[in-house]
Every structure is written in structure tokens, then in C-alpha cells.
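Visitor: What follows is protein20.txt, made up of compact mmCIF, C-alpha atoms:
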```
# COMPACT_ATOMS: atom_id res chain seq x y z
CA MET R 10 4.84 24.46 54.55
CA SER R 11 3.57 21.06 55.61
CA ALA R 12 3.01 19.25 58.87
CA THR R 13 4.60 16.14 60.22
CA PRO R 14 3.00 13.29 58.29
CA ALA R 15 0.75 10.89 60.12
CA SER R 16 -0.23 7.39 59.12
CA PRO R 17 -3.72 6.91 57.53
CA THR R 18 -4.93 5.28 60.74
CA THR R 19 -3.79 8.18 62.89
CA THR R 20 -6.63 10.27 64.28
CA ALA R 21 -4.51 13.39 64.74
CA CYS R 22 -1.88 15.29 62.81
CA THR R 23 0.43 18.18 63.66
CA CYS R 24 -0.54 21.72 62.71
CA PRO R 25 2.06 23.16 60.32
CA GLU R 26 1.51 26.62 61.80
CA CYS R 27 1.70 26.09 65.57
CA GLU R 28 2.58 22.40 65.91
CA ALA R 29 -0.53 21.67 68.00
CA SER R 30 -2.31 18.36 67.52
CA VAL R 31 -5.19 18.55 65.02
CA PRO R 32 -7.66 15.73 65.66
CA PHE R 33 -9.78 14.01 63.00
CA ALA R 34 -13.21 12.90 64.15
CA ARG R 35 -13.61 10.81 60.98
CA ARG R 36 -11.29 9.40 58.37
CA PRO R 37 -9.68 12.36 56.60
CA LEU R 38 -10.39 12.95 52.90
CA GLN R 39 -8.03 14.35 50.30
CA GLY R 40 -8.71 18.07 50.02
CA GLU R 41 -10.57 18.23 53.33
CA VAL R 42 -10.44 21.58 55.10
CA VAL R 43 -9.98 21.57 58.88
CA ARG R 44 -9.16 24.20 61.48
CA CYS R 45 -6.44 23.94 64.06
CA PRO R 46 -8.12 24.03 67.49
CA ASP R 47 -5.19 25.99 68.93
CA CYS R 48 -4.21 28.66 66.40
CA ASN R 49 -7.39 28.57 64.24
CA ALA R 50 -5.34 28.25 61.05
CA GLU R 51 -7.28 26.90 58.08
CA LEU R 52 -5.59 23.70 56.97
CA GLU R 53 -6.03 21.35 54.06
CA VAL R 54 -5.35 17.62 53.85
CA THR R 55 -2.93 17.36 50.93
CA ALA R 56 -2.05 13.66 51.18
CA LEU R 57 -3.59 10.61 52.77
CA ASP R 58 -0.88 8.00 52.98
CA PRO R 59 0.50 9.29 55.20
CA VAL R 60 -1.87 12.11 56.11
CA VAL R 61 -0.29 15.52 55.53
CA LEU R 62 -1.72 18.89 56.54
CA GLU R 63 -0.71 22.14 54.86
CA LEU R 64 -1.88 25.70 55.26
CA ALA R 65 -4.97 26.09 53.08
CA PRO R 66 -4.48 28.37 50.06
CA GLU R 67 -5.69 31.95 50.17
CA VAL R 68 -9.14 32.61 48.75
CA GLN R 69 -8.98 33.38 45.03
CA GLU R 70 -10.95 36.00 43.20
CA ASP R 71 -13.33 33.55 41.52
CA TRP R 72 -14.01 31.44 44.60
CA GLY R 73 -17.47 31.34 46.00
CA GLU R 74 -20.88 29.77 45.86
CA MET W 12 -24.91 3.64 38.69
CA ARG W 13 -21.74 5.65 39.05
CA VAL W 14 -21.50 9.30 40.10
CA GLY W 15 -18.43 11.52 40.22
CA LEU W 16 -18.15 14.32 42.72
CA LEU W 17 -15.92 17.04 41.32
CA TYR W 18 -14.40 19.10 44.11
CA SER W 19 -11.48 21.30 45.03
CA ARG W 20 -11.87 21.39 48.80
CA VAL W 21 -13.81 19.06 51.05
CA ARG W 22 -15.65 21.47 53.31
CA VAL W 23 -18.48 20.59 55.68
CA GLU W 24 -20.90 20.68 52.74
CA GLU W 25 -18.90 18.26 50.58
CA ARG W 26 -18.40 15.94 53.56
CA LEU W 27 -22.18 15.83 54.13
CA LEU W 28 -22.86 15.21 50.44
CA ILE W 29 -20.24 12.45 50.26
CA GLU W 30 -21.70 10.74 53.33
CA GLU W 31 -25.19 10.98 51.87
CA LEU W 32 -24.06 9.56 48.52
CA GLU W 33 -22.24 6.73 50.28
CA ARG W 34 -25.37 5.93 52.29
CA ARG W 35 -27.27 5.44 49.02
CA GLY W 36 -24.89 2.65 48.07
CA ILE W 37 -24.04 4.01 44.63
CA GLU W 38 -20.57 3.87 43.12
CA LEU W 39 -19.02 7.21 44.03
CA GLU W 40 -15.73 8.60 42.76
CA LEU W 41 -14.20 11.72 44.25
CA LEU W 42 -12.67 13.79 41.45
CA ASP W 43 -10.12 16.38 42.56
CA VAL W 44 -10.46 19.21 40.05
CA ASN W 45 -6.78 20.03 40.49
CA LYS W 46 -6.02 16.60 39.02
CA PHE W 47 -8.55 16.99 36.20
CA GLN W 48 -7.27 16.49 32.68
CA ALA W 49 -9.07 15.22 29.64
CA GLU W 50 -8.18 14.41 26.04
CA ILE W 51 -11.01 16.19 24.28
CA HIS W 52 -11.09 13.71 21.39
CA ASP W 53 -11.40 10.74 23.70
CA PRO W 54 -14.40 10.68 26.01
CA THR W 55 -13.95 6.97 26.74
CA PRO W 56 -12.33 7.30 30.18
CA TRP W 57 -15.24 9.43 31.36
CA GLN W 58 -18.06 7.33 30.00
CA ARG W 59 -18.22 5.34 33.22
CA PHE W 60 -20.09 8.22 34.87
CA ASP W 61 -23.84 8.55 34.80
CA ALA W 62 -23.53 12.04 36.27
CA VAL W 63 -20.96 14.37 37.75
CA PHE W 64 -21.86 16.46 40.76
CA GLU W 65 -19.87 19.69 40.60
CA ARG W 66 -18.83 21.22 43.93
CA CYS W 67 -15.73 23.31 43.17
CA VAL W 68 -15.06 26.61 44.95
CA SER W 69 -13.36 28.03 41.86
CA GLN W 70 -15.84 29.05 39.21
CA THR W 71 -13.20 28.99 36.51
CA GLN W 72 -12.18 25.44 37.30
CA ALA W 73 -15.80 24.34 37.63
CA VAL W 74 -17.05 25.72 34.36
CA THR W 75 -14.00 24.51 32.44
CA ALA W 76 -14.21 20.92 33.65
CA VAL W 77 -17.99 20.81 33.30
CA ARG W 78 -17.85 22.10 29.72
CA VAL W 79 -15.52 19.28 28.78
CA LEU W 80 -17.61 16.63 30.52
CA GLU W 81 -20.82 17.91 28.96
CA SER W 82 -19.21 17.68 25.54
CA PHE W 83 -18.68 13.99 26.35
CA GLY W 84 -22.42 13.68 26.99
CA ILE W 85 -22.15 13.39 30.76
CA PRO W 86 -24.85 15.24 32.72
CA CYS W 87 -23.29 17.66 35.19
CA ILE W 88 -25.07 19.21 38.12
CA ASN W 89 -25.02 22.10 37.81
CA SER W 90 -24.58 22.55 34.07
CA SER W 91 -22.00 24.93 32.62
CA ALA W 92 -24.85 27.16 31.43
CA VAL W 93 -26.17 27.45 34.98
CA ILE W 94 -22.69 28.08 36.40
CA GLU W 95 -22.14 30.84 33.85
CA ALA W 96 -25.57 32.35 34.44
CA CYS W 97 -25.08 32.44 38.20
CA GLY W 98 -21.35 33.04 38.43
CA ASP W 99 -21.36 36.45 36.81
CA LYS W 100 -23.62 38.99 38.52
CA LEU W 101 -24.15 40.97 35.35
CA THR W 102 -25.27 37.86 33.47
CA THR W 103 -27.60 37.01 36.35
CA SER W 104 -29.07 40.52 36.35
CA LEU W 105 -29.57 40.47 32.59
CA ILE W 106 -31.44 37.16 32.76
CA LEU W 107 -33.61 38.35 35.63
CA ALA W 108 -34.40 41.63 33.89
CA ARG W 109 -35.16 39.90 30.59
CA ASN W 110 -37.60 37.58 32.34
CA GLY W 111 -39.41 40.29 34.27
CA ILE W 112 -38.21 39.05 37.66
CA ALA W 113 -38.10 41.64 40.43
CA THR W 114 -34.46 42.55 41.06
CA PRO W 115 -32.61 45.70 42.18
CA ARG W 116 -31.81 48.28 39.51
CA VAL W 117 -28.37 47.78 38.02
CA ARG W 118 -26.18 49.88 35.78
CA VAL W 119 -22.98 48.71 34.20
CA ALA W 120 -20.09 50.83 33.01
CA LEU W 121 -16.65 50.07 31.63
CA ASP W 122 -14.72 53.21 32.48
CA PRO W 123 -14.28 54.85 35.91
CA GLU W 124 -15.44 58.29 34.80
CA THR W 125 -18.48 56.84 33.08
CA ALA W 126 -19.16 54.74 36.16
CA LEU W 127 -19.10 57.89 38.28
CA GLU W 128 -21.64 59.50 35.95
CA ALA W 129 -23.84 56.42 36.23
CA ILE W 130 -23.63 56.48 40.03
CA GLU W 131 -24.51 60.20 40.14
CA GLU W 132 -27.52 59.56 37.93
CA MET W 133 -28.67 56.64 40.09
CA GLY W 134 -28.28 58.66 43.32
CA TYR W 135 -26.54 57.72 46.54
CA PRO W 136 -26.12 55.28 48.14
CA VAL W 137 -25.30 52.57 45.62
CA VAL W 138 -23.48 49.26 45.97
CA LEU W 139 -20.45 48.41 43.87
CA LYS W 140 -19.91 44.69 43.46
CA PRO W 141 -17.30 42.68 41.60
CA ALA W 142 -19.12 40.87 38.78
CA VAL W 143 -17.42 37.63 39.80
CA GLY W 144 -16.96 36.64 43.41
CA SER W 145 -18.90 35.62 46.43
CA TRP W 146 -19.12 35.50 50.22
CA GLY W 147 -19.70 39.25 50.38
CA ARG W 148 -16.12 39.99 49.38
CA LEU W 149 -15.17 43.39 47.96
CA LEU W 150 -18.66 44.82 48.19
CA ALA W 151 -18.70 48.57 48.72
CA ARG W 152 -21.61 50.74 49.75
CA VAL W 153 -20.97 54.12 48.22
CA ASN W 154 -22.58 56.92 50.19
CA ASP W 155 -21.26 60.00 48.41
CA ARG W 156 -19.18 61.29 45.51
CA ASP W 157 -15.92 61.31 47.49
CA ALA W 158 -16.29 57.62 48.28
CA ALA W 159 -17.30 56.85 44.69
CA GLU W 160 -14.21 58.54 43.26
CA ALA W 161 -11.91 56.77 45.72
CA ILE W 162 -13.38 53.30 45.20
CA LEU W 163 -13.51 53.61 41.42
CA GLU W 164 -9.88 54.72 41.33
CA HIS W 165 -8.83 51.86 43.60
CA LYS W 166 -10.74 49.31 41.54
CA SER W 167 -9.35 50.50 38.22
CA THR W 168 -5.78 50.85 39.55
CA LEU W 169 -5.41 47.89 41.89
CA GLY W 170 -7.95 45.40 40.63
CA SER W 171 -7.67 42.78 37.93
CA VAL W 172 -9.16 43.33 34.48
CA GLN W 173 -12.46 42.04 35.84
CA HIS W 174 -12.66 45.03 38.19
CA GLY W 175 -12.78 47.27 35.13
CA VAL W 176 -16.38 46.09 34.76
CA PHE W 177 -18.28 48.39 37.10
CA TYR W 178 -21.43 46.66 38.32
CA ILE W 179 -23.48 49.26 40.16
CA GLN W 180 -26.54 48.11 42.07
CA GLU W 181 -29.13 50.30 43.74
CA HIS W 182 -28.84 50.14 47.50
CA VAL W 183 -31.90 48.43 48.94
CA ASN W 184 -32.63 49.59 52.46
CA LYS W 185 -33.41 46.10 53.71
CA PRO W 186 -34.92 45.50 57.14
CA GLY W 187 -31.71 44.25 58.81
CA ARG W 188 -31.89 40.92 57.05
CA ASP W 189 -31.85 39.21 53.72
CA LEU W 190 -33.33 35.86 52.73
CA ARG W 191 -31.84 32.78 51.15
CA VAL W 192 -34.07 30.20 49.49
CA PHE W 193 -32.76 26.75 48.61
CA VAL W 194 -34.20 25.43 45.37
CA ILE W 195 -34.06 21.86 44.11
CA GLY W 196 -35.02 21.70 40.45
CA THR W 197 -37.56 24.49 40.44
CA SER W 198 -39.00 23.81 43.91
CA PRO W 199 -38.09 25.92 46.92
CA ILE W 200 -37.48 23.47 49.78
CA ALA W 201 -36.18 25.64 52.62
CA ALA W 202 -35.26 29.19 53.46
CA ILE W 203 -33.32 31.14 56.02
CA GLU W 204 -33.11 34.75 56.99
CA ARG W 205 -29.67 36.20 57.64
CA ARG W 206 -29.48 39.04 60.14
CA SER W 207 -26.62 41.34 60.85
CA GLU W 208 -26.00 44.80 62.29
CA HIS W 209 -23.78 45.29 59.24
CA TRP W 210 -25.35 46.05 55.86
CA ILE W 211 -23.60 42.91 54.52
CA THR W 212 -25.58 39.97 55.89
CA ASN W 213 -23.73 36.98 54.38
CA THR W 214 -23.12 34.25 56.94
CA ALA W 215 -19.53 34.16 55.63
CA ARG W 216 -19.32 37.72 57.00
CA GLY W 217 -20.91 37.00 60.36
CA GLY W 218 -24.64 37.15 59.53
CA GLN W 219 -26.76 35.00 61.85
CA ALA W 220 -29.04 32.46 60.18
CA ALA W 221 -32.54 31.50 61.31
CA GLY W 222 -35.29 29.48 59.63
CA PHE W 223 -37.78 31.37 57.46
CA ARG W 224 -41.21 30.18 56.34
CA ILE W 225 -41.52 30.53 52.56
CA THR W 226 -44.50 32.67 51.57
CA SER W 227 -46.50 31.98 48.42
CA GLU W 228 -45.10 35.20 46.89
CA ILE W 229 -41.52 34.10 47.51
CA ASP W 230 -42.26 30.55 46.38
CA ASP W 231 -43.57 31.86 43.07
CA LEU W 232 -40.69 34.31 42.66
CA CYS W 233 -38.11 31.59 43.26
CA ARG W 234 -39.79 29.13 40.89
CA ARG W 235 -39.77 31.75 38.14
CA THR W 236 -36.17 32.61 38.93
CA ALA W 237 -35.07 28.97 38.77
CA ARG W 238 -36.77 28.52 35.38
CA ALA W 239 -35.20 31.74 34.08
CA MET W 240 -31.73 30.73 35.22
CA ALA W 241 -31.84 27.03 34.44
CA GLY W 242 -34.80 26.19 32.22
CA GLN W 243 -37.84 24.05 32.97
CA THR W 244 -35.90 21.33 34.81
CA GLY W 245 -34.19 23.84 37.06
CA ALA W 246 -30.99 23.18 38.99
CA LEU W 247 -29.54 23.21 42.50
CA LEU W 248 -29.71 26.86 43.45
CA ALA W 249 -29.57 29.18 46.43
CA ILE W 250 -31.49 32.34 45.64
CA ASP W 251 -30.69 35.45 47.70
CA LEU W 252 -33.51 37.91 48.20
CA LEU W 253 -33.61 41.46 49.50
CA GLU W 254 -36.80 43.06 50.76
CA THR W 255 -37.73 46.64 50.03
CA GLU W 256 -39.03 48.92 52.75
CA ASP W 257 -42.58 48.17 51.61
CA GLY W 258 -41.91 44.43 51.84
CA ARG W 259 -41.43 43.50 48.18
CA PRO W 260 -38.90 40.69 47.63
CA LEU W 261 -36.20 41.31 45.02
CA VAL W 262 -33.84 38.66 43.68
CA SER W 263 -30.34 39.86 44.45
CA GLU W 264 -28.11 36.93 43.49
CA VAL W 265 -28.38 33.27 42.52
CA ASN W 266 -25.72 30.82 43.72
CA HIS W 267 -24.87 27.63 41.85
CA THR W 268 -22.67 25.89 44.44
CA MET W 269 -24.81 26.44 47.48
CA GLU W 270 -23.41 26.34 50.98
CA PHE W 271 -25.86 25.04 53.54
CA ARG W 272 -24.02 24.03 56.71
CA ASN W 273 -25.85 26.66 58.79
CA SER W 274 -29.22 25.93 57.23
CA ILE W 275 -29.95 22.28 58.02
CA ALA W 276 -30.65 22.65 61.72
CA THR W 277 -32.21 26.10 61.29
CA THR W 278 -34.70 24.93 58.65
CA GLY W 279 -35.17 21.32 59.78
CA VAL W 280 -34.73 20.25 56.15
CA ASP W 281 -32.13 17.67 55.18
CA ILE W 282 -30.76 19.81 52.35
CA PRO W 283 -27.88 17.48 51.33
CA ALA W 284 -30.30 14.54 51.09
CA ARG W 285 -32.59 16.53 48.82
CA MET W 286 -29.64 17.60 46.67
CA VAL W 287 -28.51 13.99 46.37
CA ASP W 288 -32.06 12.92 45.43
CA TYR W 289 -31.93 15.38 42.54
CA VAL W 290 -28.48 14.31 41.34
CA LEU W 291 -29.34 10.61 41.53
CA GLY W 292 -32.56 11.22 39.60
CA ILE W 293 -30.53 12.65 36.73
CA ALA W 294 -27.92 9.88 36.97
CA GLU W 295 -30.62 7.23 36.93
CA ARG W 296 -32.21 8.63 33.78
CA ARG W 297 -28.82 8.63 32.07
CA SER W 298 -28.16 5.09 33.28
CA LEU W 299 -31.51 3.87 31.89
CA THR W 300 -30.97 5.69 28.59
CA ARG W 301 -27.56 4.13 28.19
CA ALA W 302 -28.93 0.70 28.98
CA SER W 303 -31.71 1.03 26.40
CA GLN W 304 -29.25 2.35 23.79
CA ALA W 305 -26.95 -0.59 24.44
CA ALA W 306 -29.88 -2.97 24.06
CA ALA W 307 -30.89 -1.33 20.76
CA ILE W 308 -27.36 -1.54 19.35
CA ALA W 309 -26.64 -5.08 20.48
CA PRO W 310 -27.93 -7.67 17.99
CA SER W 311 -30.57 -10.01 19.31
CA SER W 312 -29.34 -13.46 20.28
CA SER W 313 -30.94 -15.11 17.23
CA ALA W 314 -29.46 -12.59 14.80
CA PHE W 315 -26.08 -12.94 16.39
CA ILE W 316 -25.77 -16.68 15.55
CA ALA W 317 -23.87 -17.01 12.39
CA PRO W 318 -25.68 -19.10 9.80
CA GLY W 319 -24.14 -22.49 9.50
CA PRO W 320 -24.92 -25.92 8.29
CA VAL W 321 -28.10 -27.29 9.67
CA GLY W 322 -28.68 -30.91 10.41
CA VAL W 323 -25.11 -31.87 9.90
CA ALA W 324 -23.86 -34.16 12.62
```
Take the structure in the file and give it back as C-alpha cells.

Guide:
Amino acid sequence: MSATPASPTTTACTCPECEASVPFARRPLQGEVVRCPDCNAELEVTALDPVVLELAPEVQEDWGE
Amino acid sequence: MRVGLLYSRVRVEERLLIEELERRGIELELLDVNKFQAEIHDPTPWQRFDAVFERCVSQTQAVTAVRVLESFGIPCINSSAVIEACGDKLTTSLILARNGIATPRVRVALDPETALEAIEEMGYPVVLKPAVGSWGRLLARVNDRDAAEAILEHKSTLGSVQHGVFYIQEHVNKPGRDLRVFVIGTSPIAAIERRSEHWITNTARGGQAAGFRITSEIDDLCRRTARAMAGQTGALLAIDLLETEDGRPLVSEVNHTMEFRNSIATTGVDIPARMVDYVLGIAERRSLTRASQAAAIAPSSSAFIAPGPVGVA
């Protein structure tokens, strides 16, 4: 499930979960994790040109510090 | 000097590290581990790096990529040996025990019935932990035999093969907090205490962080731990400590991909800057070594001139 793409210069993108606007304070980076301010979904930047947000993958067993 | 940052997700920590690396003006390449592939007979494409800074959330991906890069002669921070030593709690405990470092008692068993016997011998409560994993996930405090039987059955029936390794740690009745010490190389640079009403105090599970002044006892313990886990040059480590009721610190876990977002303001220490200092120090040594090797291999200018006729117009 992915959000409406935004151009690389856009400072906001649409949440794929609730369709709220997710703002970027700085230029987004590939793989960056952000939270939707409305529904609190954890989202990941999966493309930059244009910027695409998808629901972040579930935590895997070997993830950690 | 060129540094690669190997990552899977850009969290607050990676963002801070990237910004710090960019401020230093070095050539930085962001390496998405999901795009990582390497021809193991051909290190050439990777030789442009003086160091690779590993920041993956997946231990499997991290150790695999780092092993390959190390085989190409590229210093990785942390090394695959450190990732393996820290990433498996049993390996960590074995290293700590072998080096005489204070740590909770641990038993390991490979069969649920044998694990139950081990727990009964240790006495309740005990803590069952997955050998691999983090953020306080799937920890279980086992208060009695009924709970032990239920949890062991669940782990052996529902868990992956890894959950068939029963890592049983003594329960340390800590004073409502645990401690985390950030170590650069072998030097402790900052520490926090994590408090929670719950027996699990990880900040990922809601524990509240506050700055903690490192005592000489804890400084020494962490230096010895860093050397045991990573050798004389150490590594980038976050060492988790529990305190016994009589105040003795015990090393509980050692983390190789430290998270620090809640610890910069609370400690007043610029942790990402100190981490970057360490990484760039290693990259610079590699860069200088490569430069001197290149100079040694390259023929001198006089030797390079092919002999030819002299004095012929």
C-alpha cells in the first residue's frame, strides 16, 4: 500500500493509511521512517523522485540494537 | 576520504549521524542494505571506501554485508565479530563469563523439559529471553512452575527454531531502574538511567531516561567489557547494566547498533559527534595506509623513465 507520490521538492506527502498530510521538516531520505501526525502509523520513504510513503514493515525477529 | 553508511531504515539516529558526517565535509555514500549485492571475487567496486559505518536494524543483514566487506579489506564499524558477540545473548554471556566480568547467572538448555529442570534448580523468578532480539521484546519473567511450563510450551510450539534455545537468566531485583553506558572505543562517554514501574525498563517499552554520572566502578566495568567484547581498540557499544540489591553493577547486555535519541539531551553529550569521530579516525588510518601503499608500489619518477638514447638531438 503506498501513498500518493509527491515531487522531491514537496514538503508533505499523503499518509497511505489515513490520507492525512505528512509533513517533512527536512529533505526526505530513502528509507527514512516518519510517523503520521494524524493516525500515528509508522511510515517509510520508499522512493524519492517522486517521494512515496508506504506503511513501514513489521519488526522482524532479528531487529534491534 | 570516503565513508559508506550501511542502513536499512533512516531513523532519528541515522539522520543525526548523516548530518554529522555531512558537516565534516567527507564523501559520504548512503548504502541501502536491501540493495546490497557483491561479487565475492571482485572487491574492486568497494575499494573506494575507507570505512563503512554499519547501522542496520536487522542483525542478519548487518553481519552478512559486513563479513563480505571485511573480506575485501574494508574496515567496518562495528566489525562482524563485534556484531556476532553482541547480537546473540548467549555469546555475550559466554564472553563476559570467560573474562570474569560481573553478569547475571545464566543457564542454557535446548529442550523444554530440560529447561524446566534448569529453571527449578535456579529458583524462581527467572527471566527467559530470546537469544537474538532487542528492544525488550519477548522477555518473560517466570514467577512459578505453572508459568514456566506454559511459556516453554509456547516457545517450543509457536516460536522459530531460535526459540528452541532456552536462555534463562537469573532475575535481578533491580531498584526500579537499569543503566545504559555509551562506550566509544573502550571509553565510557555518557550514561543514562532508565526508570519504569514495569520490570522491563527499555525506553522502547516506555522506560524514562535521565542522565547518570558514571562512577569509577562502572567506568572500569565498562572498559573491561568493551575490551572483552571487541578487543583492545574497542567498538561503538551501549552496555546495559543491572544493579543488585546491594548496589553491585552487573553487565546484562551489550548493544552493537546503539540507539541514542533520548540520551543526547539527558546526558549533555553529543553522542553522534563522538561516534563519527571514532569512525572517521578509523577511515583516516585506512586512507593513510592506502596512500602509503600506493606510494610504495608506484615506481619513482626517475625509475619510471625508460632508458633511451642520451645526447642524441

Visitor: Between R:Pro25, R:Pro66, R:Gly40, R:Pro59, single out the one closest to chain W, counting all atoms listed in the file.

Guide: R:Gly40

Visitor: Hey, can you check how far CA of Val194 (chain W) sits from CA of Leu247 (chain W)?

Guide: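 Rounded to one decimal, the two atoms are 5.9 Å apart.
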
Visitor: Using all atoms listed in the file and a distance of at most 8 Å, pull out the residues of chain W that contact chain R, as a VMD selection string.

Guide: chain W and resid 19 to 22 43 68 to 71 143 to 146 266 to 270

Visitor: Provide the CA of Arg188 (chain W) to CA of Glu254 (chain W) distance in Å, to one decimal place.

Guide: 8.3 Å

Visitor: Please report the interatomic distance between CA of Arg44 (chain R) and CA of Ala215 (chain W) in Å with one decimal.

Guide: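 Pair CA of Arg44 (chain R) / CA of Ala215 (chain W) returns 15.5 Å.
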
Visitor: As a list in words, please: the residues near Pro32 (chain R) (cut-off 12 Å, all atoms listed in the file, same-chain neighbours under 5 positions excluded).

Guide: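 Returned residues: Ala15, Thr18, Thr19, Thr20, Ala21, Cys22, Thr23, Cys24, Pro37, Val43, Arg44, Cys45, Pro46, Asp47, Leu52, Val60 and Leu62 of chain R.
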
Visitor: I'd like the contact shell of Trp210 (chain W) - 10 Å cut-off, all atoms listed in the file, skipping same-chain residues fewer than 6 positions apart - returned as a ChimeraX atom specification.

Guide: /W:152,182-189,218

Visitor: With a distance cut-off of 12 Å and all atoms listed in the file, select the neighbouring residues of region 99-103 of chain W, excluding the residue or stretch itself and same-chain residues fewer than 4 positions from it, and output the selection as a PyMOL selection string.

Guide: (chain R and resi 71-74) or (chain W and resi 70-71+74+92-95+107-110+112+114-120+139-145+173+176-180+236-237+239-241+250-251+262-267)

Visitor: Please produce an output containing C-alpha atoms for each residue in the selection, written as a PDB file, in the frame of the given file.

Guide:
```pdb
ATOM      1  CA  ASP R  71     -13.330  33.550  41.520  1.00  0.00           C
ATOM      2  CA  TRP R  72     -14.010  31.440  44.600  1.00  0.00           C
ATOM      3  CA  GLY R  73     -17.470  31.340  46.000  1.00  0.00           C
ATOM      4  CA  GLU R  74     -20.880  29.770  45.860  1.00  0.00           C
TER       5      GLU R  74
ATOM      6  CA  GLN W  70     -15.840  29.050  39.210  1.00  0.00           C
ATOM      7  CA  THR W  71     -13.200  28.990  36.510  1.00  0.00           C
ATOM      8  CA  VAL W  74     -17.050  25.720  34.360  1.00  0.00           C
ATOM      9  CA  ALA W  92     -24.850  27.160  31.430  1.00  0.00           C
ATOM     10  CA  VAL W  93     -26.170  27.450  34.980  1.00  0.00           C
ATOM     11  CA  ILE W  94     -22.690  28.080  36.400  1.00  0.00           C
ATOM     12  CA  GLU W  95     -22.140  30.840  33.850  1.00  0.00           C
ATOM     13  CA  LEU W 107     -33.610  38.350  35.630  1.00  0.00           C
ATOM     14  CA  ALA W 108     -34.400  41.630  33.890  1.00  0.00           C
ATOM     15  CA  ARG W 109     -35.160  39.900  30.590  1.00  0.00           C
ATOM     16  CA  ASN W 110     -37.600  37.580  32.340  1.00  0.00           C
ATOM     17  CA  ILE W 112     -38.210  39.050  37.660  1.00  0.00           C
ATOM     18  CA  THR W 114     -34.460  42.550  41.060  1.00  0.00           C
ATOM     19  CA  PRO W 115     -32.610  45.700  42.180  1.00  0.00           C
ATOM     20  CA  ARG W 116     -31.810  48.280  39.510  1.00  0.00           C
ATOM     21  CA  VAL W 117     -28.370  47.780  38.020  1.00  0.00           C
ATOM     22  CA  ARG W 118     -26.180  49.880  35.780  1.00  0.00           C
ATOM     23  CA  VAL W 119     -22.980  48.710  34.200  1.00  0.00           C
ATOM     24  CA  ALA W 120     -20.090  50.830  33.010  1.00  0.00           C
ATOM     25  CA  LEU W 139     -20.450  48.410  43.870  1.00  0.00           C
ATOM     26  CA  LYS W 140     -19.910  44.690  43.460  1.00  0.00           C
ATOM     27  CA  PRO W 141     -17.300  42.680  41.600  1.00  0.00           C
ATOM     28  CA  ALA W 142     -19.120  40.870  38.780  1.00  0.00           C
ATOM     29  CA  VAL W 143     -17.420  37.630  39.800  1.00  0.00           C
ATOM     30  CA  GLY W 144     -16.960  36.640  43.410  1.00  0.00           C
ATOM     31  CA  SER W 145     -18.900  35.620  46.430  1.00  0.00           C
ATOM     32  CA  GLN W 173     -12.460  42.040  35.840  1.00  0.00           C
ATOM     33  CA  VAL W 176     -16.380  46.090  34.760  1.00  0.00           C
ATOM     34  CA  PHE W 177     -18.280  48.390  37.100  1.00  0.00           C
ATOM     35  CA  TYR W 178     -21.430  46.660  38.320  1.00  0.00           C
ATOM     36  CA  ILE W 179     -23.480  49.260  40.160  1.00  0.00           C
ATOM     37  CA  GLN W 180     -26.540  48.110  42.070  1.00  0.00           C
ATOM     38  CA  THR W 236     -36.170  32.610  38.930  1.00  0.00           C
ATOM     39  CA  ALA W 237     -35.070  28.970  38.770  1.00  0.00           C
ATOM     40  CA  ALA W 239     -35.200  31.740  34.080  1.00  0.00           C
ATOM     41  CA  MET W 240     -31.730  30.730  35.220  1.00  0.00           C
ATOM     42  CA  ALA W 241     -31.840  27.030  34.440  1.00  0.00           C
ATOM     43  CA  ILE W 250     -31.490  32.340  45.640  1.00  0.00           C
ATOM     44  CA  ASP W 251     -30.690  35.450  47.700  1.00  0.00           C
ATOM     45  CA  VAL W 262     -33.840  38.660  43.680  1.00  0.00           C
ATOM     46  CA  SER W 263     -30.340  39.860  44.450  1.00  0.00           C
ATOM     47  CA  GLU W 264     -28.110  36.930  43.490  1.00  0.00           C
ATOM     48  CA  VAL W 265     -28.380  33.270  42.520  1.00  0.00           C
ATOM     49  CA  ASN W 266     -25.720  30.820  43.720  1.00  0.00           C
ATOM     50  CA  HIS W 267     -24.870  27.630  41.850  1.00  0.00           C
TER      51      HIS W 267
END
```

Visitor: Once 4 Å is added on each side, what are the centre and the three edge lengths, in Å to one decimal, of the axis-aligned box enclosing the listed atoms of region 36-47 of chain R? Present them as AutoDock Vina command-line options.

Guide:
```
--center_x -8.2 --center_y 17.7 --center_z 59.5 --size_x 14.1 --size_y 24.6 --size_z 26.9
```

Visitor: Identify the residues within 10 Å of coordinate (-21.6, 19.4, 52.3) (same frame as the file), considering all atoms listed in the file, and give the answer as a list of chain:residue names.

Guide: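 The residues near that point, listed by chain and number, are W:Val21, W:Arg22, W:Val23, W:Glu24, W:Glu25, W:Arg26, W:Leu27, W:Leu28, W:Ile29, W:Glu30, W:Glu31, W:Arg66, W:Met269, W:Glu270, W:Phe271, W:Arg272, W:Ile282, W:Pro283, W:Met286.
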
Visitor: Generate a file of the selected residues that holds C-alpha atoms, formatted as a CSV table (one decimal), in the frame of the given file.

Guide:
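Output file again14.csv follows:
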```
chain,number,residue,atom,x,y,z
W,21,VAL,CA,-13.8,19.1,51.0
W,22,ARG,CA,-15.6,21.5,53.3
W,23,VAL,CA,-18.5,20.6,55.7
W,24,GLU,CA,-20.9,20.7,52.7
W,25,GLU,CA,-18.9,18.3,50.6
W,26,ARG,CA,-18.4,15.9,53.6
W,27,LEU,CA,-22.2,15.8,54.1
W,28,LEU,CA,-22.9,15.2,50.4
W,29,ILE,CA,-20.2,12.4,50.3
W,30,GLU,CA,-21.7,10.7,53.3
W,31,GLU,CA,-25.2,11.0,51.9
W,66,ARG,CA,-18.8,21.2,43.9
W,269,MET,CA,-24.8,26.4,47.5
W,270,GLU,CA,-23.4,26.3,51.0
W,271,PHE,CA,-25.9,25.0,53.5
W,272,ARG,CA,-24.0,24.0,56.7
W,282,ILE,CA,-30.8,19.8,52.4
W,283,PRO,CA,-27.9,17.5,51.3
W,286,MET,CA,-29.6,17.6,46.7
```

Visitor: For Ala158 (chain W), find every residue with an atom within 12 Å (counting all atoms listed in the file), except residues of its own chain fewer than 3 positions away, and show them as a ChimeraX atom specification.

Guide: /W:127,130-131,135-139,151-155,161-165
